[in-house]
Amino acid sequence: MKEIVVICSGNTCRSPMAEGLIRARLANEQLADKIQVASAGVDATKGEPASQHGIDLLAARGISLHAHRSRRLQLAEFKDADLVLVMTSVHYNNVRALASPEMGSNNIVDKGLEPAQMHKVLLFSQLLSASSKHDGDASLFDIADPYGQSKEVYLATLLQLEEILAGGWSRLLALCGEQEFHSSVK
């Protein structure tokens with residue numbers, strides 16, 4: 001089974017919404033038994049529910065976030081994940097710093113992840129890009145954090161996530177090595 005991990009800051013807004021959208025689409029395309037998706041936050045407090053605006057907006061799309069509880073990103077997830085999607089350049093740089101050999105005994109290298117495995121860490125917006133490089137690609141952008149803002153701001157974030165997934169779905173599947181399943185499901 002392939003694994004996708006979606007990362008944001010607190011794991012209550014962007015990453016749970018993205019996780020729910022991806023999980024629903026995988027189920028709709030009968031790929032849920034081939035790819036699993038999880039989410040986490042780089043600064044998450046364990047056990048917080050998803051934001052109410054996120055719960056409400058996804059519920060309107062038939063996706064439940066009621067069972068979601070926030071959790072902090074664990075280093076072991078990098079070793080096991082086939083694809084790690086981060087919401088911002090700051091998250092990307094946090095992950096890159098963890099994979100750096102200069103970070104001492106608490107870095108991912110000591111836990112079994114080599115810096116060369118950073119290829120599987122992408123900005124969420126990179127699903128729309130043919131490039132796997134993070135630096136210097138002008139088409140890349142951050143997904144703004146709606147935390148503490150109005151339902152309209154959450155909706156704008158959700159629409160942005162949906163647009164990226166619509167345009168980048170084939171790439172997401174290819175990055176997970178599941179392109180052959182996608183073409184047979186149509």
# chains A, B, ... in the order shown; residues from 1 in each chain; ligands from 1
>>> residues_around(residues="Gly47 of chain A", least_positions_apart="3", cutoff="9 Å", atoms="only C-alpha atoms", output="list of chain:residue names")
A:Ala44, A:His68, A:Arg69, A:Ser70, A:Arg71
>>> select_by_dssp(residues="segment 11-169 of chain A", states="alpha helix (DSSP H)", output="MDAnalysis selection string")
chainID A and resid 14:28 52:59 75:80 89:98 108:111 151:169
>>> closest_residue(among="A:Leu57, A:Ile164, A:Leu172, A:Ala24", to="Glu152 of chain A", atoms="only C-alpha atoms")
A:Leu57
>>> atom_distance(atom1="atom CA of Leu159 of chain A", atom2="atom CA of Leu127 of chain A")
15.1 Å
>>> atom_distance(atom1="atom CA of Thr12 of chain A", atom2="atom CA of Ser125 of chain A")
19.2 Å
>>> residues_around(residues="segment 1-10 of chain A", least_positions_apart="5", cutoff="7 Å", atoms="only C-alpha atoms", output="list in words")
Ser15, Glu19, Lys34, Ile35, Gln36, Val37, Ala38, Ser39, Ala40, Gly41, Val42, Asp43, Ala44, Thr45, Ala81, Asp82, Leu83, Val84, Leu85, Val86, Met87, His91 and Cys176 of chain A
>>> atom_distance(atom1="atom CA of Asn94 of chain A", atom2="atom CA of Leu173 of chain A")
24.9 Å
>>> select_by_dssp(residues="segment 4-174 of chain A", states="strand (DSSP E or B)", output="count of residues only")
22
>>> closest_residue(among="A:Ala27, A:Ala32, A:Leu165, A:Ala97", to="Phe124 of chain A", atoms="only C-alpha atoms")
A:Leu165
>>> residues_around(residues="Tyr154 of chain A", least_positions_apart="6", cutoff="8 Å", atoms="only C-alpha atoms", output="list in words")
His53, Gly54 and Pro146 of chain A
